[in-house]
>>> print(open('structure13.txt').read())   # compact mmCIF, C-alpha atoms
# COMPACT_ATOMS: atom_id res chain seq x y z
CA MET V 1 5.93 -2.99 31.67
CA ALA V 2 9.15 -4.62 30.51
CA ASP V 3 8.13 -8.01 31.93
CA ASN V 4 4.76 -7.76 30.23
CA VAL V 5 6.36 -6.93 26.87
CA LYS V 6 8.75 -9.83 27.23
CA ASN V 7 5.79 -12.11 27.85
CA ILE V 8 3.87 -10.67 24.88
CA GLN V 9 6.85 -11.20 22.59
CA SER V 10 7.16 -14.80 23.77
CA ILE V 11 3.46 -15.49 23.15
CA PHE V 12 3.55 -14.14 19.61
CA GLU V 13 6.85 -15.79 18.75
CA LYS V 14 5.43 -19.13 19.87
CA SER V 15 2.57 -18.55 17.44
CA GLY V 16 5.07 -17.94 14.63
CA GLY V 17 5.26 -14.14 14.62
CA LYS V 18 8.64 -12.62 13.80
CA PHE V 19 9.96 -9.53 15.57
CA LEU V 20 12.37 -7.62 13.34
CA LEU V 21 12.73 -4.78 15.82
CA SER V 22 13.39 -5.08 19.53
CA ASP V 23 10.38 -4.94 21.82
CA ARG V 24 11.66 -1.78 23.49
CA LYS V 25 11.98 0.06 20.18
CA ILE V 26 8.48 -0.98 19.08
CA LEU V 27 7.16 0.31 22.41
CA GLN V 28 8.96 3.61 21.92
CA LYS V 29 7.35 3.96 18.52
CA LEU V 30 3.91 2.88 19.72
CA ASP V 31 3.79 5.65 22.30
CA HIS V 32 3.88 8.21 19.47
CA ILE V 33 1.36 6.54 17.14
CA LYS V 34 -1.75 8.57 16.33
CA ALA V 35 -3.12 6.64 13.34
CA PHE V 36 -3.64 3.05 12.25
CA ILE V 37 -3.68 2.65 8.46
CA PHE V 38 -4.28 -0.59 6.58
CA ASP V 39 -3.93 -1.81 3.05
CA TRP V 40 -7.04 -3.77 2.02
CA ASP V 41 -6.38 -6.54 -0.52
CA GLY V 42 -4.07 -9.16 0.93
CA VAL V 43 -4.47 -7.75 4.43
CA PHE V 44 -8.14 -8.13 5.34
CA ASN V 45 -8.48 -10.97 2.83
CA ASN V 46 -6.41 -13.29 0.64
CA ALA V 47 -6.53 -10.81 -2.27
CA GLN V 48 -9.02 -12.82 -4.33
CA LYS V 49 -11.72 -10.72 -5.98
CA ASP V 50 -15.20 -11.38 -7.27
CA ALA V 51 -16.43 -10.34 -10.74
CA GLY V 52 -17.29 -6.88 -9.42
CA GLY V 53 -13.81 -6.29 -8.07
CA SER V 54 -14.66 -6.65 -4.38
CA SER V 55 -12.87 -8.72 -1.76
CA ASN V 56 -14.24 -9.61 1.65
CA PHE V 57 -13.31 -9.19 5.31
CA ASN V 58 -14.16 -11.23 8.39
CA GLU V 59 -15.75 -10.25 11.68
CA ALA V 60 -12.80 -11.41 13.81
CA ASP V 61 -10.57 -8.87 12.08
CA SER V 62 -13.28 -6.22 12.32
CA MET V 63 -13.63 -6.80 16.05
CA GLY V 64 -9.86 -6.58 16.34
CA THR V 65 -9.77 -3.10 14.84
CA ASN V 66 -12.55 -1.96 17.17
CA LEU V 67 -10.85 -3.36 20.28
CA LEU V 68 -7.54 -1.80 19.23
CA ARG V 69 -9.16 1.60 18.87
CA PHE V 70 -10.80 1.17 22.27
CA GLY V 71 -7.43 0.19 23.74
CA TYR V 72 -5.93 3.34 22.26
CA PHE V 73 -8.79 5.36 23.74
CA LEU V 74 -8.11 3.89 27.19
CA GLN V 75 -4.39 4.59 26.77
CA HIS V 76 -4.60 8.15 25.46
CA GLY V 77 -8.08 9.44 26.26
CA ARG V 78 -8.82 10.13 22.59
CA LEU V 79 -9.67 8.24 19.41
CA PRO V 80 -6.96 7.22 16.98
CA LEU V 81 -7.16 8.14 13.33
CA THR V 82 -7.86 5.20 11.00
CA ALA V 83 -7.80 4.66 7.24
CA ILE V 84 -7.79 2.13 4.43
CA ILE V 85 -5.54 2.84 1.43
CA SER V 86 -6.12 0.76 -1.68
CA GLY V 87 -4.99 0.84 -5.25
CA GLU V 88 -8.43 -0.40 -6.31
CA LYS V 89 -12.08 0.55 -5.96
CA ASN V 90 -13.66 -1.96 -3.62
CA GLU V 91 -17.28 -1.59 -2.50
CA THR V 92 -16.79 -3.97 0.43
CA ALA V 93 -13.94 -1.84 1.74
CA PHE V 94 -16.19 1.21 1.52
CA TYR V 95 -18.89 -0.63 3.48
CA PHE V 96 -16.35 -1.70 6.10
CA CYS V 97 -15.00 1.82 6.57
CA THR V 98 -18.48 3.26 6.86
CA ARG V 99 -19.76 0.60 9.24
CA GLU V 100 -16.69 0.78 11.45
CA HIS V 101 -16.50 4.58 11.25
CA PHE V 102 -12.94 4.73 9.97
CA THR V 103 -11.63 8.24 9.44
CA SER V 104 -10.88 7.88 5.73
CA SER V 105 -10.87 5.52 2.76
CA TYR V 106 -8.47 6.11 -0.15
CA TYR V 107 -9.03 4.19 -3.38
CA LYS V 108 -7.63 3.92 -6.90
CA ILE V 109 -4.34 5.38 -5.67
CA ALA V 110 -1.52 3.19 -6.95
CA ASN V 111 1.24 5.40 -5.53
CA LYS V 112 0.15 5.10 -1.94
CA ILE V 113 2.69 7.51 -0.53
CA ASP V 114 0.58 10.30 -2.06
CA ALA V 115 -2.36 9.17 0.08
CA ILE V 116 -0.14 9.13 3.17
CA HIS V 117 1.04 12.69 2.54
CA HIS V 118 -2.55 13.81 1.95
CA PHE V 119 -3.76 12.09 5.14
CA CYS V 120 -0.97 13.65 7.18
CA GLN V 121 -1.74 17.12 5.83
CA GLN V 122 -5.44 16.64 6.56
CA HIS V 123 -4.80 15.69 10.19
CA ASN V 124 -1.57 17.55 10.98
CA ILE V 125 0.46 14.45 11.79
CA SER V 126 3.70 13.02 10.45
CA PRO V 127 4.21 9.60 8.81
CA LYS V 128 6.21 8.57 11.90
CA GLU V 129 2.96 8.80 13.86
CA ILE V 130 1.33 6.12 11.68
CA ALA V 131 1.24 2.36 12.21
CA TYR V 132 0.89 0.76 8.76
CA VAL V 133 -0.25 -2.80 8.01
CA PHE V 134 0.65 -4.08 4.54
CA ASP V 135 1.41 -7.08 2.37
CA ASP V 136 2.96 -6.29 -1.00
CA VAL V 137 5.09 -4.21 -3.34
CA LEU V 138 2.75 -1.22 -3.71
CA ASP V 139 3.03 -0.65 0.04
CA LEU V 140 6.80 -0.32 0.30
CA CYS V 141 6.89 3.41 -0.39
CA VAL V 142 4.69 3.80 2.70
CA ALA V 143 6.65 1.31 4.81
CA GLU V 144 9.77 3.39 4.16
CA VAL V 145 8.37 6.36 6.10
CA CYS V 146 5.84 5.16 8.67
CA GLY V 147 6.54 4.78 12.36
CA ILE V 148 5.44 1.16 12.80
CA ARG V 149 5.37 -1.24 9.83
CA ILE V 150 3.71 -4.65 10.07
CA LEU V 151 3.98 -7.08 7.18
CA ILE V 152 1.24 -9.66 6.65
CA LYS V 153 2.85 -13.04 6.06
CA ARG V 154 2.46 -14.85 2.74
CA ASN V 155 4.39 -18.10 2.23
CA ALA V 156 4.20 -17.74 -1.55
CA ASN V 157 6.61 -14.79 -1.69
CA PRO V 158 9.78 -15.69 0.25
CA LEU V 159 11.94 -13.44 -1.93
CA PHE V 160 9.70 -10.45 -1.24
CA THR V 161 9.71 -11.17 2.47
CA ASN V 162 13.48 -11.40 2.42
CA TYR V 163 13.66 -8.10 0.53
CA VAL V 164 11.53 -6.41 3.20
CA ILE V 165 13.75 -7.78 5.96
CA GLU V 166 17.04 -6.87 4.28
CA ASN V 167 15.87 -3.34 3.55
CA ASN V 168 14.47 -2.69 7.03
CA LEU V 169 10.90 -2.16 5.81
CA ALA V 170 9.02 -3.94 8.61
CA ASP V 171 9.13 -4.20 12.40
CA TYR V 172 7.03 -7.36 12.71
CA ILE V 173 5.86 -10.14 10.38
CA THR V 174 2.62 -11.88 11.29
CA ALA V 175 2.36 -15.58 11.98
CA HIS V 176 -0.90 -15.78 10.06
CA GLU V 177 -1.16 -15.40 6.32
CA SER V 178 -3.33 -12.91 4.50
CA GLY V 179 -6.99 -13.84 4.68
CA ASN V 180 -6.45 -15.96 7.80
CA PHE V 181 -7.25 -13.48 10.59
CA ALA V 182 -3.89 -11.71 10.30
CA VAL V 183 -5.44 -8.32 11.09
CA ARG V 184 -6.75 -9.71 14.38
CA GLU V 185 -3.21 -10.85 15.19
CA VAL V 186 -1.85 -7.37 14.51
CA CYS V 187 -4.51 -5.78 16.72
CA GLU V 188 -3.92 -8.27 19.54
CA LEU V 189 -0.18 -7.63 19.38
CA LEU V 190 -0.55 -3.87 19.66
CA MET V 191 -3.12 -4.18 22.45
CA GLY V 192 -0.77 -6.52 24.28
CA LEU V 193 2.05 -4.01 23.99
CA TYR V 194 -0.25 -1.29 25.36
CA ASN V 195 -0.48 -3.50 28.47
CA ASN V 196 -4.22 -2.94 28.88
CA TYR V 197 -5.63 -6.03 27.15
CA ASP V 198 -7.47 -7.39 30.19
CA LYS V 199 -9.10 -4.01 30.80
CA ILE V 200 -10.12 -3.76 27.14
CA ILE V 201 -11.87 -7.12 27.26
CA SER V 202 -13.44 -6.52 30.68
CA GLU V 203 -14.84 -3.10 29.81
CA ARG V 204 -16.15 -4.29 26.44
CA THR V 205 -17.74 -7.40 27.98
CA ARG V 206 -19.60 -5.31 30.56
CA TYR V 207 -20.40 -2.59 28.01
CA SER V 208 -19.14 -0.24 30.68
CA ALA V 209 -19.51 3.52 30.91
CA VAL V 210 -16.07 4.09 29.41
CA TYR V 211 -16.81 1.75 26.51
CA LYS V 212 -20.12 3.55 25.89
CA GLU V 213 -18.24 6.84 25.85
CA TYR V 214 -15.76 5.42 23.35
CA ILE V 215 -18.39 3.89 21.05
CA GLU V 216 -20.48 7.07 21.04
CA LYS V 217 -17.45 9.11 19.99
CA ARG V 218 -16.42 6.47 17.42
CA ASN V 219 -19.89 6.36 15.90
CA CYS V 220 -19.88 10.12 15.34
CA ILE V 221 -17.11 9.70 12.78
CA GLU V 222 -18.28 10.01 9.17
CA THR V 223 -15.83 8.38 6.80
CA THR V 224 -14.33 10.63 4.15
CA PHE V 225 -13.47 9.10 0.77
CA PHE V 226 -10.65 10.19 -1.51
CA THR V 227 -9.30 9.15 -4.88
CA ARG V 228 -6.99 10.48 -7.57
CA ASN V 229 -7.85 12.88 -10.38
CA GLY V 230 -4.73 13.33 -12.48
CA ASN V 231 -1.97 14.35 -10.10
CA THR V 232 -4.36 15.50 -7.39
CA ILE V 233 -6.11 13.63 -4.59
CA VAL V 234 -9.75 14.68 -4.52
CA PRO V 235 -12.90 13.71 -2.61
CA GLY V 236 -14.34 10.49 -3.95
CA GLU V 237 -17.68 10.62 -5.71
CA LEU V 238 -19.44 7.68 -4.09
CA LYS V 239 -23.08 6.93 -3.52
CA PRO V 240 -24.09 6.91 0.15
CA ILE V 241 -23.25 3.53 1.65
CA GLN V 242 -25.90 1.90 3.79
CA ASN V 243 -24.57 1.25 7.27
CA GLY V 244 -26.22 -1.98 8.37
>>> encode(input="structure13.txt", output="structure tokens")
Amino acid sequence: MADNVKNIQSIFEKSGGKFLLSDRKILQKLDHIKAFIFDWDGVFNNAQKDAGGSSNFNEADSMGTNLLRFGYFLQHGRLPLTAIISGEKNETAFYFCTREHFTSSYYKIANKIDAIHHFCQQHNISPKEIAYVFDDVLDLCVAEVCGIRILIKRNANPLFTNYVIENNLADYITAHESGNFAVREVCELLMGLYNNYDKIISERTRYSAVYKEYIEKRNCIETTFFTRNGNTIVPGELKPIQNG
């Protein structure tokens, strides 16, 4: 396992990724992770919005999240928890969560640590059992407490990046910038550290029995939506989202 991790680190460093924590310590954390939680704007996209307030995602990142969840399933024999936490209301994010059968979608929650505490209470986990993928200031309160913290690179904010590094708020910084398949990079990194990447790809390619078992369980998940009402996080009042 150590040789594999060393090779994985070399591959991602050659691509421009930056390890802020030793490979062994990331592995120790990864073994305890039960949930993968992502910010939306600036993570799945470059943070640009249309007139309706939505911002897009790409299928390479979407496939990455699915393969990562399958890799987790192979590793642990169960599905990981998944969520999007956003400070805004974004219909495309709702569609993504529904289509990909994420556990939860939190929206219009500017103080994201409240969403993390709510999610942990809902699922009886601790923040240290969460891997969090983020890009900006609103996410730092979450990065302070989560088990694995991955910062999406953005060349335009060197001072912010330096702040994150100096204050020990990330374990890895992606080589790719926001909106440029950075989520896929994160997923590939974590799958590589699980040391089952070849099996993930082989089983998915063959649509094997174990992949069918995984996808059937994944597709039974109905996304729950939450937002803020005053000082309380409450179920979101959303119209049913068509799952294409």
>>> closest_residue(input="structure13.txt", among="V:Val43, V:Val137, V:Ile85, V:Ile109", to="V:Ile152", atoms="all atoms listed in the file")
V:Val43
>>> closest_atom_pairs(input="structure13.txt", of="stretch 94-198 of chain V", to="stretch 7-26 of chain V", cutoff="8 Å", atoms="only C-alpha atoms", output="JSON lines")
{"residue": "V:Ile148", "atom": "CA", "partner": "V:Ile26", "partner_atom": "CA", "distance": 7.3}
{"residue": "V:Ile165", "atom": "CA", "partner": "V:Leu20", "partner_atom": "CA", "distance": 7.5}
{"residue": "V:Ala170", "atom": "CA", "partner": "V:Leu20", "partner_atom": "CA", "distance": 6.9}
{"residue": "V:Asp171", "atom": "CA", "partner": "V:Leu20", "partner_atom": "CA", "distance": 4.8}
{"residue": "V:Tyr172", "atom": "CA", "partner": "V:Phe19", "partner_atom": "CA", "distance": 4.6}
{"residue": "V:Ile173", "atom": "CA", "partner": "V:Lys18", "partner_atom": "CA", "distance": 5.1}
{"residue": "V:Thr174", "atom": "CA", "partner": "V:Gly17", "partner_atom": "CA", "distance": 4.8}
{"residue": "V:Ala175", "atom": "CA", "partner": "V:Gly17", "partner_atom": "CA", "distance": 4.2}
{"residue": "V:His176", "atom": "CA", "partner": "V:Gly16", "partner_atom": "CA", "distance": 7.8}
{"residue": "V:Leu189", "atom": "CA", "partner": "V:Ile8", "partner_atom": "CA", "distance": 7.5}
{"residue": "V:Gly192", "atom": "CA", "partner": "V:Ile8", "partner_atom": "CA", "distance": 6.3}
{"residue": "V:Leu193", "atom": "CA", "partner": "V:Ile8", "partner_atom": "CA", "distance": 7.0}
>>> atom_distance(input="structure13.txt", atom1="atom CA of V:Tyr132", atom2="atom CA of V:Lys217")
23.1 Å
>>> atom_distance(input="structure13.txt", atom1="atom CA of V:Gln28", atom2="atom CA of V:Arg218")
25.9 Å
>>> atom_distance(input="structure13.txt", atom1="atom CA of V:Gly71", atom2="atom CA of V:Ile200")
5.9 Å
>>> residues_around(input="structure13.txt", residues="V:Gln122", least_positions_apart="4", cutoff="12 Å", atoms="only C-alpha atoms", output="short mmCIF file (atom, residue, chain, number, x, y, z; two decimals) with C-alpha atoms, keeping the file's coordinate frame")
data_model
loop_
_atom_site.label_atom_id
_atom_site.label_comp_id
_atom_site.auth_asym_id
_atom_site.auth_seq_id
_atom_site.Cartn_x
_atom_site.Cartn_y
_atom_site.Cartn_z
CA LEU V 81 -7.16 8.14 13.33
CA THR V 103 -11.63 8.24 9.44
CA SER V 104 -10.88 7.88 5.73
CA ALA V 115 -2.36 9.17 0.08
CA ILE V 116 -0.14 9.13 3.17
CA HIS V 117 1.04 12.69 2.54
CA HIS V 118 -2.55 13.81 1.95
CA SER V 126 3.70 13.02 10.45
CA THR V 224 -14.33 10.63 4.15
CA PHE V 226 -10.65 10.19 -1.51
CA ILE V 233 -6.11 13.63 -4.59
#
>>> closest_residue(input="structure13.txt", among="V:Asp61, V:Glu129, V:Glu100, V:Asp135", to="V:Lys29", atoms="only C-alpha atoms")
V:Glu129
>>> residues_near_point(input="structure13.txt", point="(-17.5, -4.7, -0.2)", cutoff="7 Å", atoms="all atoms listed in the file", output="PyMOL selection string")
chain V and resi 54-56+90-95
>>> closest_residue(input="structure13.txt", among="V:Asn196, V:Asn46, V:Asn168, V:Asn231", to="V:Asp114", atoms="only C-alpha atoms")
V:Asn231
>>> residues_around(input="structure13.txt", residues="V:Phe160", least_positions_apart="6", cutoff="12 Å", atoms="all atoms listed in the file", output="ChimeraX atom specification")
/V:135-140,151-154,166-167,169-170
>>> write_last_selection(input="structure13.txt", atoms="C-alpha atoms", output="mmCIF file, keeping the file's coordinate frame")
data_model
loop_
_atom_site.group_PDB
_atom_site.id
_atom_site.type_symbol
_atom_site.label_atom_id
_atom_site.label_comp_id
_atom_site.auth_asym_id
_atom_site.auth_seq_id
_atom_site.Cartn_x
_atom_site.Cartn_y
_atom_site.Cartn_z
ATOM 1 C CA ASP V 135 1.410 -7.080 2.370
ATOM 2 C CA ASP V 136 2.960 -6.290 -1.000
ATOM 3 C CA VAL V 137 5.090 -4.210 -3.340
ATOM 4 C CA LEU V 138 2.750 -1.220 -3.710
ATOM 5 C CA ASP V 139 3.030 -0.650 0.040
ATOM 6 C CA LEU V 140 6.800 -0.320 0.300
ATOM 7 C CA LEU V 151 3.980 -7.080 7.180
ATOM 8 C CA ILE V 152 1.240 -9.660 6.650
ATOM 9 C CA LYS V 153 2.850 -13.040 6.060
ATOM 10 C CA ARG V 154 2.460 -14.850 2.740
ATOM 11 C CA GLU V 166 17.040 -6.870 4.280
ATOM 12 C CA ASN V 167 15.870 -3.340 3.550
ATOM 13 C CA LEU V 169 10.900 -2.160 5.810
ATOM 14 C CA ALA V 170 9.020 -3.940 8.610
#
>>> build_atoms(input="structure13.txt", residues="stretch 157-181 of chain V", atoms="N, CA and C atoms", output="short mmCIF file (atom, residue, chain, number, x, y, z; two decimals), in the frame of the given file")
data_model
loop_
_atom_site.label_atom_id
_atom_site.label_comp_id
_atom_site.auth_asym_id
_atom_site.auth_seq_id
_atom_site.Cartn_x
_atom_site.Cartn_y
_atom_site.Cartn_z
N ASN V 157 5.63 -15.77 -1.21
CA ASN V 157 6.61 -14.79 -1.69
C ASN V 157 7.82 -14.67 -0.74
N PRO V 158 8.61 -15.74 -0.63
CA PRO V 158 9.78 -15.69 0.25
C PRO V 158 10.82 -14.66 -0.17
N LEU V 159 10.97 -14.43 -1.48
CA LEU V 159 11.94 -13.44 -1.93
C LEU V 159 11.51 -12.03 -1.53
N PHE V 160 10.21 -11.76 -1.65
CA PHE V 160 9.70 -10.45 -1.24
C PHE V 160 9.88 -10.26 0.26
N THR V 161 9.54 -11.26 1.02
CA THR V 161 9.71 -11.17 2.47
C THR V 161 11.17 -10.90 2.84
N ASN V 162 12.06 -11.60 2.17
CA ASN V 162 13.48 -11.40 2.42
C ASN V 162 13.92 -9.99 2.03
N TYR V 163 13.36 -9.47 0.95
CA TYR V 163 13.66 -8.10 0.53
C TYR V 163 13.24 -7.11 1.61
N VAL V 164 12.03 -7.30 2.15
CA VAL V 164 11.53 -6.41 3.20
C VAL V 164 12.45 -6.45 4.41
N ILE V 165 12.87 -7.64 4.80
CA ILE V 165 13.75 -7.78 5.96
C ILE V 165 15.10 -7.11 5.72
N GLU V 166 15.70 -7.40 4.57
CA GLU V 166 17.04 -6.87 4.28
C GLU V 166 17.06 -5.35 4.14
N ASN V 167 15.93 -4.79 3.74
CA ASN V 167 15.87 -3.34 3.55
C ASN V 167 15.18 -2.61 4.70
N ASN V 168 15.01 -3.31 5.81
CA ASN V 168 14.47 -2.69 7.03
C ASN V 168 13.13 -1.99 6.78
N LEU V 169 12.20 -2.73 6.18
CA LEU V 169 10.90 -2.16 5.81
C LEU V 169 9.75 -2.69 6.67
N ALA V 170 10.05 -3.44 7.71
CA ALA V 170 9.02 -3.94 8.61
C ALA V 170 9.61 -4.10 10.00
N ASP V 171 8.74 -4.00 11.00
CA ASP V 171 9.13 -4.20 12.40
C ASP V 171 8.63 -5.54 12.93
N TYR V 172 7.60 -6.09 12.28
CA TYR V 172 7.03 -7.36 12.71
C TYR V 172 6.39 -8.02 11.50
N ILE V 173 6.53 -9.35 11.42
CA ILE V 173 5.86 -10.14 10.38
C ILE V 173 4.89 -11.09 11.07
N THR V 174 3.65 -11.09 10.62
CA THR V 174 2.62 -11.88 11.29
C THR V 174 2.87 -13.38 11.13
N ALA V 175 2.34 -14.13 12.07
CA ALA V 175 2.36 -15.58 11.98
C ALA V 175 1.32 -16.07 10.99
N HIS V 176 0.22 -15.36 10.91
CA HIS V 176 -0.90 -15.78 10.06
C HIS V 176 -0.81 -15.14 8.68
N GLU V 177 -1.21 -15.89 7.69
CA GLU V 177 -1.16 -15.40 6.32
C GLU V 177 -2.35 -14.48 6.02
N SER V 178 -2.25 -13.78 4.93
CA SER V 178 -3.33 -12.91 4.50
C SER V 178 -4.61 -13.72 4.31
N GLY V 179 -5.72 -13.15 4.78
CA GLY V 179 -6.99 -13.84 4.68
C GLY V 179 -7.24 -14.84 5.78
N ASN V 180 -6.30 -14.97 6.72
CA ASN V 180 -6.45 -15.96 7.80
C ASN V 180 -6.34 -15.26 9.16
N PHE V 181 -7.13 -14.21 9.32
CA PHE V 181 -7.25 -13.48 10.59
C PHE V 181 -5.96 -12.77 10.99
#
